[in-house]
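Source file: query-v5.cif. Holds: mmCIF, C-alpha atoms and all ligand atoms.
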```cif
data_run
loop_
_atom_site.label_atom_id
_atom_site.label_comp_id
_atom_site.auth_asym_id
_atom_site.auth_seq_id
_atom_site.Cartn_x
_atom_site.Cartn_y
_atom_site.Cartn_z
CA MET A 1 -85.65 35.46 -195.61
CA GLU A 2 -83.82 32.22 -194.98
CA ASN A 3 -84.12 33.24 -191.35
CA LEU A 4 -87.84 32.60 -191.34
CA VAL A 5 -87.39 29.12 -192.79
CA GLU A 6 -84.79 28.38 -190.10
CA MET A 7 -87.13 29.75 -187.46
CA GLY A 8 -89.95 27.61 -188.79
CA LYS A 9 -87.76 24.52 -188.56
CA GLU A 10 -86.97 25.39 -184.99
CA TYR A 11 -90.56 25.92 -183.83
CA ILE A 12 -92.88 23.92 -186.07
CA PHE A 13 -93.44 20.15 -186.27
CA ASN A 14 -91.51 18.54 -189.07
CA ASN A 15 -94.56 16.75 -190.53
CA TYR A 16 -94.56 18.33 -194.00
CA GLY A 17 -92.00 18.06 -196.79
CA ARG A 18 -91.79 21.78 -197.57
CA ILE A 19 -90.06 23.76 -200.31
CA PRO A 20 -87.82 26.21 -198.39
CA LYS A 21 -89.64 29.35 -199.51
CA VAL A 22 -92.04 31.58 -197.61
CA ILE A 23 -95.18 32.58 -199.50
CA VAL A 24 -96.26 36.04 -198.39
CA LYS A 25 -98.81 37.34 -200.90
CA GLY A 26 -101.39 36.13 -203.37
CA GLU A 27 -103.53 37.73 -206.05
CA GLY A 28 -105.58 35.95 -208.70
CA SER A 29 -103.61 33.00 -210.06
CA TYR A 30 -100.30 34.25 -208.65
CA VAL A 31 -98.41 34.12 -205.37
CA TRP A 32 -95.21 35.86 -204.30
CA ASP A 33 -92.47 34.60 -202.02
CA SER A 34 -90.65 36.67 -199.41
CA GLU A 35 -87.88 37.48 -201.90
CA GLY A 36 -90.38 39.05 -204.26
CA LYS A 37 -90.40 36.21 -206.80
CA LYS A 38 -93.74 35.66 -208.53
CA TYR A 39 -95.22 32.21 -209.23
CA LEU A 40 -98.16 31.05 -211.31
CA ASP A 41 -100.00 28.90 -208.79
CA PHE A 42 -101.56 25.82 -210.41
CA VAL A 43 -101.93 24.02 -207.09
CA ALA A 44 -104.15 26.73 -205.58
CA GLY A 45 -103.76 25.49 -202.02
CA ILE A 46 -104.55 21.98 -203.33
CA ALA A 47 -107.87 22.75 -205.00
CA VAL A 48 -108.80 25.27 -202.30
CA ASN A 49 -108.44 28.72 -203.87
CA ASN A 50 -111.10 28.08 -206.51
CA LEU A 51 -111.59 31.79 -207.24
CA GLY A 52 -107.87 32.49 -207.07
CA HIS A 53 -106.01 34.24 -204.28
CA CYS A 54 -107.79 36.88 -202.21
CA PRO A 55 -110.83 37.23 -204.49
CA LYS A 56 -112.57 40.55 -203.92
CA GLU A 57 -116.00 39.05 -203.18
CA LEU A 58 -114.57 36.85 -200.45
CA VAL A 59 -112.38 39.52 -198.88
CA GLU A 60 -115.26 42.01 -198.82
CA ALA A 61 -117.64 39.50 -197.28
CA ILE A 62 -115.35 38.54 -194.41
CA LYS A 63 -114.30 42.16 -193.79
CA GLU A 64 -117.92 43.10 -193.37
CA GLN A 65 -118.73 40.08 -191.23
CA ALA A 66 -115.64 40.58 -189.05
CA GLU A 67 -117.03 43.89 -187.87
CA LYS A 68 -120.44 42.38 -187.10
CA LEU A 69 -119.92 39.00 -185.45
CA LEU A 70 -116.93 36.65 -185.59
CA HIS A 71 -118.16 33.77 -183.53
CA CYS A 72 -121.00 32.87 -181.24
CA SER A 73 -121.81 29.16 -180.94
CA ASN A 74 -124.20 26.62 -182.36
CA LEU A 75 -126.28 27.07 -179.22
CA TYR A 76 -127.96 29.79 -181.33
CA TRP A 77 -128.90 30.31 -184.96
CA ILE A 78 -126.29 31.96 -187.17
CA GLU A 79 -127.44 34.10 -190.12
CA PRO A 80 -124.72 33.45 -192.75
CA GLN A 81 -124.72 29.73 -191.80
CA ILE A 82 -128.44 29.50 -192.58
CA LYS A 83 -128.03 31.38 -195.86
CA LEU A 84 -125.11 29.21 -196.93
CA ALA A 85 -127.01 26.02 -196.11
CA LYS A 86 -129.96 27.25 -198.20
CA LYS A 87 -127.61 28.02 -201.09
CA LEU A 88 -126.01 24.55 -200.96
CA VAL A 89 -129.39 22.82 -200.77
CA GLU A 90 -130.82 24.86 -203.68
CA ASN A 91 -127.83 23.93 -205.82
CA SER A 92 -127.76 20.21 -205.08
CA ILE A 93 -130.00 17.17 -204.68
CA PHE A 94 -129.77 17.38 -200.88
CA ASP A 95 -132.04 18.70 -198.13
CA LYS A 96 -129.84 19.41 -195.12
CA VAL A 97 -126.32 20.57 -194.31
CA PHE A 98 -123.99 19.98 -191.37
CA PHE A 99 -121.00 22.32 -191.07
CA CYS A 100 -117.53 21.57 -189.73
CA ASN A 101 -113.99 22.80 -190.42
CA SER A 102 -112.12 20.42 -192.72
CA GLY A 103 -112.37 17.52 -195.11
CA ALA A 104 -111.43 14.91 -192.56
CA GLU A 105 -114.00 16.28 -190.17
CA ALA A 106 -116.66 16.21 -192.88
CA ASN A 107 -115.90 12.55 -193.59
CA GLU A 108 -115.94 11.81 -189.85
CA ALA A 109 -119.44 13.26 -189.75
CA ALA A 110 -120.49 11.13 -192.74
CA ILE A 111 -119.05 8.01 -191.08
CA LYS A 112 -120.83 8.69 -187.78
CA LEU A 113 -124.08 9.42 -189.61
CA ALA A 114 -123.78 6.17 -191.59
CA ARG A 115 -123.10 4.19 -188.42
CA LYS A 116 -126.08 5.61 -186.60
CA TRP A 117 -128.25 5.12 -189.68
CA GLY A 118 -126.93 1.54 -189.89
CA ASN A 119 -128.38 0.84 -186.46
CA GLY A 120 -125.97 -1.99 -185.70
CA ARG A 121 -124.52 -2.31 -189.19
CA TYR A 122 -121.25 -0.39 -189.13
CA GLU A 123 -118.95 -1.59 -191.90
CA ILE A 124 -118.13 0.88 -194.64
CA ILE A 125 -116.56 -0.25 -197.89
CA THR A 126 -114.04 2.18 -199.40
CA MET A 127 -111.63 2.01 -202.33
CA GLU A 128 -107.98 1.13 -202.68
CA LYS A 129 -105.90 4.26 -203.45
CA SER A 130 -108.57 6.43 -201.84
CA PHE A 131 -107.84 9.34 -199.55
CA HIS A 132 -110.33 10.51 -196.94
CA GLY A 133 -108.25 12.35 -194.33
CA ARG A 134 -105.74 12.06 -191.51
CA THR A 135 -107.86 11.60 -188.41
CA LEU A 136 -108.05 8.05 -187.11
CA ALA A 137 -111.44 7.14 -188.57
CA THR A 138 -110.80 8.79 -191.94
CA LEU A 139 -107.37 7.14 -191.98
CA GLY A 140 -109.20 3.87 -191.45
CA ALA A 141 -111.31 4.72 -194.47
CA THR A 142 -108.27 5.63 -196.56
CA GLY A 143 -107.18 2.72 -198.76
CA GLN A 144 -103.44 3.40 -198.87
CA GLU A 145 -101.16 1.36 -196.62
CA LYS A 146 -98.43 4.00 -196.45
CA PHE A 147 -100.65 6.30 -194.37
CA HIS A 148 -101.46 3.56 -191.86
CA LYS A 149 -98.27 1.78 -191.00
CA ASP A 150 -97.09 3.83 -188.00
CA PHE A 151 -100.53 4.41 -186.55
CA LEU A 152 -101.96 0.97 -185.96
CA PRO A 153 -104.34 -0.43 -184.93
CA LYS A 154 -106.73 0.83 -187.58
CA VAL A 155 -110.19 1.95 -186.56
CA ASP A 156 -112.46 -1.04 -187.07
CA GLY A 157 -115.10 -1.34 -189.73
CA PHE A 158 -113.46 -0.31 -193.00
CA LEU A 159 -112.98 -2.70 -195.90
CA HIS A 160 -111.15 -1.73 -199.08
CA VAL A 161 -111.81 -2.95 -202.62
CA PRO A 162 -110.13 -1.96 -205.91
CA PHE A 163 -111.56 1.21 -207.48
CA GLY A 164 -113.41 0.13 -210.60
CA ASP A 165 -114.03 -3.47 -209.56
CA VAL A 166 -117.76 -4.17 -209.24
CA GLU A 167 -117.44 -7.90 -208.49
CA LYS A 168 -115.05 -7.41 -205.56
CA LEU A 169 -117.41 -4.80 -204.18
CA LYS A 170 -120.42 -7.12 -204.38
CA ASN A 171 -118.49 -9.95 -202.75
CA THR A 172 -117.34 -7.75 -199.87
CA ILE A 173 -120.80 -6.70 -198.75
CA GLY A 174 -121.77 -8.54 -195.57
CA PRO A 175 -124.52 -8.42 -192.94
CA LYS A 176 -122.68 -5.63 -191.08
CA THR A 177 -122.16 -3.36 -194.11
CA CYS A 178 -123.97 -0.02 -193.98
CA ALA A 179 -122.34 2.14 -196.66
CA VAL A 180 -119.98 2.55 -199.58
CA LEU A 181 -117.72 5.61 -199.56
CA LEU A 182 -115.74 6.75 -202.59
CA GLU A 183 -114.30 9.72 -204.47
CA VAL A 184 -115.78 10.28 -207.95
CA ILE A 185 -112.25 11.03 -209.11
CA GLN A 186 -109.51 9.88 -206.77
CA GLY A 187 -107.40 12.93 -205.95
CA GLU A 188 -104.40 12.00 -203.83
CA GLY A 189 -104.50 8.51 -205.34
CA GLY A 190 -103.47 9.91 -208.75
CA VAL A 191 -106.39 11.77 -210.42
CA ASN A 192 -108.04 8.44 -211.27
CA VAL A 193 -111.19 8.86 -213.35
CA PRO A 194 -113.47 5.79 -213.42
CA ASN A 195 -115.89 5.02 -216.21
CA GLU A 196 -119.45 6.20 -215.93
CA GLU A 197 -120.96 2.71 -215.84
CA TYR A 198 -118.86 1.81 -212.82
CA LEU A 199 -120.20 4.62 -210.65
CA LYS A 200 -123.78 3.96 -211.76
CA GLU A 201 -123.25 0.31 -210.95
CA VAL A 202 -121.96 1.14 -207.46
CA GLU A 203 -125.02 3.29 -206.90
CA LYS A 204 -127.29 0.43 -207.92
CA ILE A 205 -125.45 -2.05 -205.69
CA CYS A 206 -125.95 0.33 -202.77
CA LYS A 207 -129.66 0.60 -203.50
CA ASP A 208 -130.13 -3.15 -203.94
CA ASN A 209 -128.37 -3.86 -200.64
CA ASN A 210 -129.84 -1.01 -198.60
CA LEU A 211 -126.46 0.70 -198.21
CA LEU A 212 -125.76 4.41 -198.10
CA PHE A 213 -123.89 5.73 -201.13
CA ILE A 214 -121.48 8.35 -199.78
CA ILE A 215 -119.32 10.47 -202.06
CA ASP A 216 -116.25 12.28 -200.77
CA GLU A 217 -116.36 15.52 -202.78
CA VAL A 218 -113.80 17.28 -200.61
CA GLN A 219 -111.56 17.77 -203.65
CA THR A 220 -113.96 17.33 -206.57
CA GLY A 221 -116.75 19.56 -205.26
CA MET A 222 -117.37 23.28 -205.74
CA GLY A 223 -116.92 23.47 -209.49
CA ARG A 224 -113.57 21.74 -209.71
CA THR A 225 -114.69 19.22 -212.35
CA GLY A 226 -116.78 21.68 -214.35
CA LYS A 227 -119.98 20.90 -212.44
CA ARG A 228 -121.06 22.28 -209.11
CA PHE A 229 -120.42 18.81 -207.68
CA ALA A 230 -118.66 15.96 -209.46
CA TYR A 231 -121.57 13.54 -209.00
CA GLU A 232 -123.47 15.64 -211.58
CA ASN A 233 -121.00 14.61 -214.30
CA PHE A 234 -122.14 11.02 -213.93
CA ASP A 235 -125.75 11.72 -213.13
CA LEU A 236 -125.39 10.08 -209.72
CA ASN A 237 -127.77 10.20 -206.80
CA PRO A 238 -125.68 9.79 -203.63
CA ASP A 239 -127.17 9.85 -200.13
CA ILE A 240 -124.43 11.94 -198.56
CA ILE A 241 -121.55 14.04 -199.89
CA SER A 242 -118.71 15.64 -197.98
CA LEU A 243 -117.22 19.00 -198.95
CA ALA A 244 -114.30 21.13 -197.78
CA LYS A 245 -111.33 22.34 -199.84
CA GLY A 246 -112.98 24.69 -202.37
CA LEU A 247 -116.01 25.41 -200.19
CA GLY A 248 -114.40 28.38 -198.45
CA GLY A 249 -112.13 29.57 -201.27
CA GLY A 250 -109.30 29.62 -198.70
CA LEU A 251 -111.27 29.70 -195.46
CA PRO A 252 -111.28 26.59 -193.27
CA ILE A 253 -114.72 25.07 -193.68
CA GLY A 254 -116.17 21.62 -194.28
CA ALA A 255 -119.68 20.26 -194.64
CA ILE A 256 -121.79 17.22 -195.33
CA LEU A 257 -124.96 17.36 -197.36
CA ALA A 258 -127.62 14.67 -196.99
CA LYS A 259 -131.19 13.82 -197.89
CA ASP A 260 -133.75 14.53 -195.16
CA GLU A 261 -134.47 10.93 -194.15
CA ILE A 262 -130.76 10.37 -193.51
CA ALA A 263 -129.89 13.77 -192.02
CA ASN A 264 -132.77 13.38 -189.58
CA VAL A 265 -131.05 10.40 -187.97
CA PHE A 266 -128.84 12.87 -186.08
CA LYS A 267 -130.59 14.25 -183.00
CA PRO A 268 -129.43 17.10 -180.73
CA GLY A 269 -126.23 15.97 -179.02
CA ASP A 270 -125.29 13.30 -181.58
CA HIS A 271 -122.63 15.35 -183.30
CA GLY A 272 -121.21 18.85 -183.27
CA SER A 273 -118.30 21.20 -183.77
CA THR A 274 -117.44 24.35 -181.83
CA PHE A 275 -116.38 26.30 -184.91
CA GLY A 276 -118.64 24.48 -187.39
CA GLY A 277 -120.52 26.98 -189.56
CA ASN A 278 -118.94 29.92 -187.77
CA PRO A 279 -120.25 33.33 -188.97
CA LEU A 280 -116.91 34.44 -190.45
CA VAL A 281 -116.27 31.39 -192.64
CA THR A 282 -119.88 30.89 -193.72
CA SER A 283 -120.19 34.53 -194.81
CA GLY A 284 -117.08 34.03 -196.95
CA SER A 285 -118.23 30.71 -198.32
CA LEU A 286 -121.56 32.23 -199.32
CA ALA A 287 -119.68 34.75 -201.48
CA ILE A 288 -117.78 31.86 -203.10
CA CYS A 289 -120.99 29.93 -203.84
CA GLU A 290 -122.65 32.96 -205.44
CA LYS A 291 -119.86 33.02 -207.98
CA ILE A 292 -119.31 29.30 -208.58
CA PHE A 293 -122.92 28.11 -208.80
CA ASP A 294 -123.40 29.72 -212.18
CA ASP A 295 -123.88 27.77 -215.40
CA LYS A 296 -121.77 30.15 -217.45
CA PHE A 297 -118.89 30.02 -214.98
CA MET A 298 -119.10 26.21 -214.92
CA GLN A 299 -119.06 26.05 -218.72
CA GLU A 300 -115.88 28.13 -218.72
CA VAL A 301 -114.28 25.59 -216.38
CA VAL A 302 -115.27 22.77 -218.76
CA ASP A 303 -113.84 24.67 -221.75
CA LYS A 304 -110.60 25.64 -220.02
CA GLY A 305 -110.16 22.08 -218.79
CA GLU A 306 -110.50 20.75 -222.33
CA TYR A 307 -108.10 23.37 -223.63
CA PHE A 308 -105.55 22.55 -220.93
CA ARG A 309 -105.75 18.79 -221.56
CA GLY A 310 -105.43 19.42 -225.30
CA LYS A 311 -102.23 21.38 -224.72
CA LEU A 312 -100.88 18.69 -222.39
CA ASN A 313 -101.62 16.09 -225.06
CA SER A 314 -99.56 18.15 -227.52
CA LEU A 315 -96.68 18.01 -225.05
CA LYS A 316 -97.23 14.26 -224.86
CA GLU A 317 -96.56 14.04 -228.63
CA LYS A 318 -93.31 15.85 -228.06
CA TYR A 319 -91.98 14.08 -224.93
CA ALA A 320 -91.94 10.30 -224.68
CA CYS A 321 -91.86 10.43 -220.88
CA ILE A 322 -95.45 11.74 -220.83
CA LYS A 323 -97.70 8.70 -220.77
CA LYS A 324 -101.23 9.83 -220.13
CA VAL A 325 -103.28 12.98 -219.64
CA LYS A 326 -106.42 12.58 -217.56
CA GLY A 327 -108.99 14.41 -215.49
CA LEU A 328 -112.22 16.32 -215.65
CA GLY A 329 -112.75 20.07 -215.68
CA LEU A 330 -109.79 21.71 -213.99
CA MET A 331 -108.80 18.64 -211.98
CA ILE A 332 -106.07 17.32 -214.23
CA GLY A 333 -103.41 14.65 -213.93
CA CYS A 334 -100.52 13.73 -216.14
CA ASP A 335 -98.78 10.35 -215.76
CA ILE A 336 -95.08 10.40 -216.56
CA ASP A 337 -92.47 7.67 -216.40
CA ILE A 338 -89.87 9.85 -214.71
CA ASN A 339 -89.84 11.16 -211.14
CA ALA A 340 -92.67 13.70 -210.83
CA GLN A 341 -90.85 15.66 -208.12
CA ASP A 342 -88.01 16.50 -210.56
CA ILE A 343 -90.50 18.21 -212.87
CA VAL A 344 -92.27 19.88 -209.94
CA ASN A 345 -88.95 21.32 -208.69
CA LEU A 346 -87.88 22.51 -212.14
CA CYS A 347 -91.24 24.21 -212.67
CA PHE A 348 -91.00 25.86 -209.26
CA GLU A 349 -87.62 27.37 -210.20
CA LYS A 350 -89.21 28.67 -213.38
CA GLY A 351 -92.12 30.23 -211.53
CA LEU A 352 -94.86 27.62 -211.90
CA ILE A 353 -96.30 25.80 -208.90
CA ILE A 354 -97.62 22.31 -209.60
CA ASN A 355 -97.84 19.21 -207.48
CA GLY A 356 -96.57 15.65 -207.77
CA ILE A 357 -98.66 12.77 -206.43
CA ALA A 358 -98.44 9.02 -206.27
CA GLY A 359 -94.78 9.18 -207.41
CA GLN A 360 -95.24 9.59 -211.17
CA THR A 361 -98.28 11.80 -211.64
CA LEU A 362 -98.31 15.57 -212.03
CA ARG A 363 -101.44 17.20 -210.66
CA PHE A 364 -102.87 20.49 -211.89
CA VAL A 365 -105.67 22.05 -209.85
CA PRO A 366 -105.42 25.74 -210.84
CA PRO A 367 -107.88 28.40 -209.68
CA LEU A 368 -111.11 27.97 -211.66
CA THR A 369 -110.63 31.60 -212.65
CA ALA A 370 -107.29 30.89 -214.37
CA THR A 371 -107.24 32.38 -217.87
CA ILE A 372 -106.32 30.78 -221.20
CA LYS A 373 -103.24 33.01 -221.20
CA GLU A 374 -102.20 31.62 -217.82
CA ILE A 375 -102.75 28.06 -219.05
CA ASP A 376 -100.55 28.86 -222.05
CA LEU A 377 -97.86 30.19 -219.72
CA ALA A 378 -98.02 27.02 -217.61
CA ILE A 379 -97.65 24.91 -220.75
CA GLU A 380 -94.69 26.99 -221.88
CA ILE A 381 -92.91 26.44 -218.55
CA LEU A 382 -93.74 22.73 -218.56
CA ASP A 383 -92.37 22.48 -222.11
CA GLU A 384 -89.09 24.00 -220.93
CA ALA A 385 -88.96 21.74 -217.88
CA PHE A 386 -89.55 18.57 -219.91
CA GLY A 387 -86.96 19.80 -222.39
CA GLU A 388 -84.36 19.89 -219.63
CA VAL A 389 -84.83 16.44 -218.07
C1 LIG B 1 -107.91 16.73 -198.89
C2 LIG B 1 -108.89 15.63 -198.84
C3 LIG B 1 -109.43 15.20 -197.61
C4 LIG B 1 -108.96 15.73 -196.28
O1 LIG B 1 -109.27 17.08 -196.11
P1 LIG B 1 -108.60 17.89 -194.91
O2 LIG B 1 -109.28 19.24 -194.98
O3 LIG B 1 -107.14 17.96 -195.17
O4 LIG B 1 -108.91 17.18 -193.65
C5 LIG B 1 -110.41 14.22 -197.64
N1 LIG B 1 -110.84 13.69 -198.80
C6 LIG B 1 -110.34 14.08 -199.99
C7 LIG B 1 -110.88 13.47 -201.24
C8 LIG B 1 -109.35 15.05 -200.05
O5 LIG B 1 -108.82 15.42 -201.23
#
```
Could you show the structure in this file as structure tokens?
Amino acid sequence: MENLVEMGKEYIFNNYGRIPKVIVKGEGSYVWDSEGKKYLDFVAGIAVNNLGHCPKELVEAIKEQAEKLLHCSNLYWIEPQIKLAKKLVENSIFDKVFFCNSGAEANEAAIKLARKWGNGRYEIITMEKSFHGRTLATLGATGQEKFHKDFLPKVDGFLHVPFGDVEKLKNTIGPKTCAVLLEVIQGEGGVNVPNEEYLKEVEKICKDNNLLFIIDEVQTGMGRTGKRFAYENFDLNPDIISLAKGLGGGLPIGAILAKDEIANVFKPGDHGSTFGGNPLVTSGSLAICEKIFDDKFMQEVVDKGEYFRGKLNSLKEKYACIKKVKGLGLMIGCDIDINAQDIVNLCFEKGLIINGIAGQTLRFVPPLTATIKEIDLAIEILDEAFGEV
């Protein structure tokens, strides 16, 4: 089906570096390309397919909803949207939910909410190596120069400090600062896990300075780190979190969650989204939440994450090019001192999909439903790949 790839090149923007294969089918932890080759998918749509590909619960829910009501508008109340909001509130420390369609859009909502709450204070401090999205404001928030250079000028009001540096953060707060925005574990920046004291310290600094503490949980949320939301791992108490990737298990949906006194700053007309909280996606997301917000399921993610990191550490003993294994739950990174893309490509040929980030880090974000057997298979393929380079 080389034809399709050629056709794609002819008709679609060239803004992604794509592997020249067409993925046509998915089931559980596996996907198939148009030539019938099967791959173990440990990228899972970049931490999106948290229950694997085409999970029954999700497919059933959207089939049923599709025959009832696909879309109306937020001019009216929407049943699955209300039920999903209730579910998210009951499983978090938050009171209210705003729905949108993507991670960037969720962060945009958080930024607008912080600015209105700031009432004249508008600066938001974010972290170096962070990633918050591709729209202009979220790009402004993103602390990586390479994403900015062709799209200047940057949206005003974002200051970046090194992730993990409390002093720099304190010294950057000024009279116009209204919020601090960070990822609990930096995803695109390299699966960077900070120490617990740091995050607690940031929270305290926010409190002491009357700043909102906003956590971007677009990648870390929805069970990825072995907790419903990553802030639970560090016993944090943020004011706002943003969600997207895993929230719909493959459906395009984003959200922010906030405490009442902050959420109530938005009045009718302040913000909105045509598709936000649409019946189809919220019915599907509800099915995802039912499954993920379960202590036993979360414990399995913790256990499988530990198992996986243990196996990666055994590979580290064997191959000198593996420098560090890191992560939490099933959000796992592996620093290597060779080109990550070489390993990614070798694994792809051998039927394992993984992802390279920040040049020399391998990222593993498998479905949370991946089995020990599948983790063993991934390790076997990685072992072969490392053996060949
Ligand atoms: C992927 C990601 C985003 C952007 O989400 P989109 O749905 O692609 O807009 C924002 N923040 C983090 C932490 C992400 O991983």
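Atom CA of A:Gly351 sits 14.9 Å away from atom CA of A:Gly28.
Taking atom CA of A:Asp335 as the reference point, atom CA of A:Ile19 is found at 22.2 Å.
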Return as a tab-separated table the residues of stretch 200-282 of chain A lying at most 9 Å from stretch 104-108 of chain A, together with the closest atom-to-atom pair for each and the distance in Å to one decimal, counting all atoms listed in the file, with rows in chain order and ascending residue number.
```
residue	atom	partner	partner_atom	distance
A:Asp216	CA	A:Asn107	CA	7.2
A:Val218	CA	A:Ala106	CA	8.3
A:Ile241	CA	A:Asn107	CA	8.6
A:Ser242	CA	A:Ala106	CA	5.5
A:Leu243	CA	A:Ala106	CA	6.7
A:Ala244	CA	A:Ala106	CA	7.3
A:Gly254	CA	A:Ala106	CA	5.6
A:Ala255	CA	A:Ala106	CA	5.3
A:Ile256	CA	A:Ala106	CA	5.8
```
6 Å per side around ligand LIG 1 (chain B): axis-aligned box centre and edge lengths, as JSON:
```
{"center_x": -109.0, "center_y": 16.4, "center_z": -197.4, "size_x": 15.7, "size_y": 17.8, "size_z": 19.6}
```
Against stretch 264-279 of chain A, which residues of stretch 55-111 of chain A fall within 12 Å? For each one I want the closest pair of atoms and the distance in Å (one decimal), counting only C-alpha atoms, rows by chain and increasing residue number, as a tab-separated table.
```
residue	atom	partner	partner_atom	distance
A:Ala61	CA	A:Pro279	CA	10.7
A:Ile62	CA	A:Pro279	CA	9.0
A:Lys63	CA	A:Pro279	CA	11.7
A:Glu64	CA	A:Pro279	CA	11.0
A:Gln65	CA	A:Pro279	CA	7.3
A:Ala66	CA	A:Pro279	CA	8.6
A:Glu67	CA	A:Pro279	CA	11.1
A:Lys68	CA	A:Pro279	CA	9.2
A:Leu69	CA	A:Pro279	CA	6.7
A:Leu70	CA	A:Pro279	CA	5.8
A:His71	CA	A:Asn278	CA	5.8
A:Cys72	CA	A:Asn278	CA	7.5
A:Ser73	CA	A:Thr274	CA	6.6
A:Asn74	CA	A:Thr274	CA	7.2
A:Leu75	CA	A:Thr274	CA	9.6
A:Tyr76	CA	A:Asn278	CA	11.1
A:Trp77	CA	A:Pro279	CA	10.0
A:Ile78	CA	A:Pro279	CA	6.4
A:Glu79	CA	A:Pro279	CA	7.3
A:Pro80	CA	A:Pro279	CA	5.9
A:Gln81	CA	A:Gly277	CA	5.5
A:Ile82	CA	A:Gly277	CA	8.8
A:Lys83	CA	A:Pro279	CA	10.6
A:Leu84	CA	A:Gly277	CA	9.0
A:Ala85	CA	A:Gly277	CA	9.3
A:Asp95	CA	A:Asn264	CA	10.1
A:Lys96	CA	A:Asn264	CA	8.7
A:Val97	CA	A:Gly277	CA	9.9
A:Phe98	CA	A:Gly277	CA	8.0
A:Phe99	CA	A:Gly276	CA	4.9
A:Cys100	CA	A:Gly276	CA	3.9
A:Asn101	CA	A:Gly276	CA	5.8
A:Ser102	CA	A:Gly276	CA	9.3
A:Glu105	CA	A:Ser273	CA	9.1
A:Ala106	CA	A:Gly276	CA	10.1
A:Glu108	CA	A:His271	CA	10.0
A:Ala109	CA	A:His271	CA	7.5
A:Ala110	CA	A:His271	CA	10.6
A:Ile111	CA	A:His271	CA	11.3
```
Can you write out the residues you just picked, keeping C-alpha atoms, as a compact mmCIF listing (two decimals), in the frame of the given file?
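Okay, part06.txt is ready:
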```txt
# COMPACT_ATOMS: atom_id res chain seq x y z
CA ALA A 61 -117.64 39.50 -197.28
CA ILE A 62 -115.35 38.54 -194.41
CA LYS A 63 -114.30 42.16 -193.79
CA GLU A 64 -117.92 43.10 -193.37
CA GLN A 65 -118.73 40.08 -191.23
CA ALA A 66 -115.64 40.58 -189.05
CA GLU A 67 -117.03 43.89 -187.87
CA LYS A 68 -120.44 42.38 -187.10
CA LEU A 69 -119.92 39.00 -185.45
CA LEU A 70 -116.93 36.65 -185.59
CA HIS A 71 -118.16 33.77 -183.53
CA CYS A 72 -121.00 32.87 -181.24
CA SER A 73 -121.81 29.16 -180.94
CA ASN A 74 -124.20 26.62 -182.36
CA LEU A 75 -126.28 27.07 -179.22
CA TYR A 76 -127.96 29.79 -181.33
CA TRP A 77 -128.90 30.31 -184.96
CA ILE A 78 -126.29 31.96 -187.17
CA GLU A 79 -127.44 34.10 -190.12
CA PRO A 80 -124.72 33.45 -192.75
CA GLN A 81 -124.72 29.73 -191.80
CA ILE A 82 -128.44 29.50 -192.58
CA LYS A 83 -128.03 31.38 -195.86
CA LEU A 84 -125.11 29.21 -196.93
CA ALA A 85 -127.01 26.02 -196.11
CA ASP A 95 -132.04 18.70 -198.13
CA LYS A 96 -129.84 19.41 -195.12
CA VAL A 97 -126.32 20.57 -194.31
CA PHE A 98 -123.99 19.98 -191.37
CA PHE A 99 -121.00 22.32 -191.07
CA CYS A 100 -117.53 21.57 -189.73
CA ASN A 101 -113.99 22.80 -190.42
CA SER A 102 -112.12 20.42 -192.72
CA GLU A 105 -114.00 16.28 -190.17
CA ALA A 106 -116.66 16.21 -192.88
CA GLU A 108 -115.94 11.81 -189.85
CA ALA A 109 -119.44 13.26 -189.75
CA ALA A 110 -120.49 11.13 -192.74
CA ILE A 111 -119.05 8.01 -191.08
```
Problem set entry | 10 Å shell around ligand LIG 1 (chain B) using only C-alpha atoms and all ligand atoms, listed as an MDAnalysis selection string | chainID A and resid 46:48 101:108 130:135 138:139 141:142 182:189 215:221 242:246 252:254
For this session: Excluding A:Leu315 and residues on its chain fewer than 5 positions from it, collect all residues at most 12 Å away from it, counting all atoms listed in the file, and give them as a PyMOL selection string.
Result: chain A and resi 308-310+320-325+334+336+376+378-387
When you get a chance, write out N, CA, C and O atoms for stretch 209-213 of chain A, as a PDB file, in the coordinates of the input.
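Final output, saved to result_22.pdb:
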```pdb
ATOM      1  N   ASN A 209    -128.777  -3.261-201.918  1.00  0.00           N
ATOM      2  CA  ASN A 209    -128.370  -3.860-200.640  1.00  0.00           C
ATOM      3  C   ASN A 209    -128.689  -2.975-199.440  1.00  0.00           C
ATOM      4  O   ASN A 209    -128.196  -3.225-198.342  1.00  0.00           O
ATOM      5  N   ASN A 210    -129.485  -1.936-199.679  1.00  0.00           N
ATOM      6  CA  ASN A 210    -129.840  -1.010-198.600  1.00  0.00           C
ATOM      7  C   ASN A 210    -128.609  -0.432-197.906  1.00  0.00           C
ATOM      8  O   ASN A 210    -128.500  -0.435-196.687  1.00  0.00           O
ATOM      9  N   LEU A 211    -127.671   0.056-198.728  1.00  0.00           N
ATOM     10  CA  LEU A 211    -126.460   0.700-198.210  1.00  0.00           C
ATOM     11  C   LEU A 211    -126.483   2.170-198.579  1.00  0.00           C
ATOM     12  O   LEU A 211    -127.022   2.539-199.631  1.00  0.00           O
ATOM     13  N   LEU A 212    -125.904   3.000-197.739  1.00  0.00           N
ATOM     14  CA  LEU A 212    -125.760   4.410-198.100  1.00  0.00           C
ATOM     15  C   LEU A 212    -124.657   4.553-199.143  1.00  0.00           C
ATOM     16  O   LEU A 212    -123.626   3.893-199.059  1.00  0.00           O
ATOM     17  N   PHE A 213    -124.898   5.419-200.115  1.00  0.00           N
ATOM     18  CA  PHE A 213    -123.890   5.730-201.130  1.00  0.00           C
ATOM     19  C   PHE A 213    -123.331   7.111-200.774  1.00  0.00           C
ATOM     20  O   PHE A 213    -124.024   8.123-200.894  1.00  0.00           O
TER      21      PHE A 213
END
```
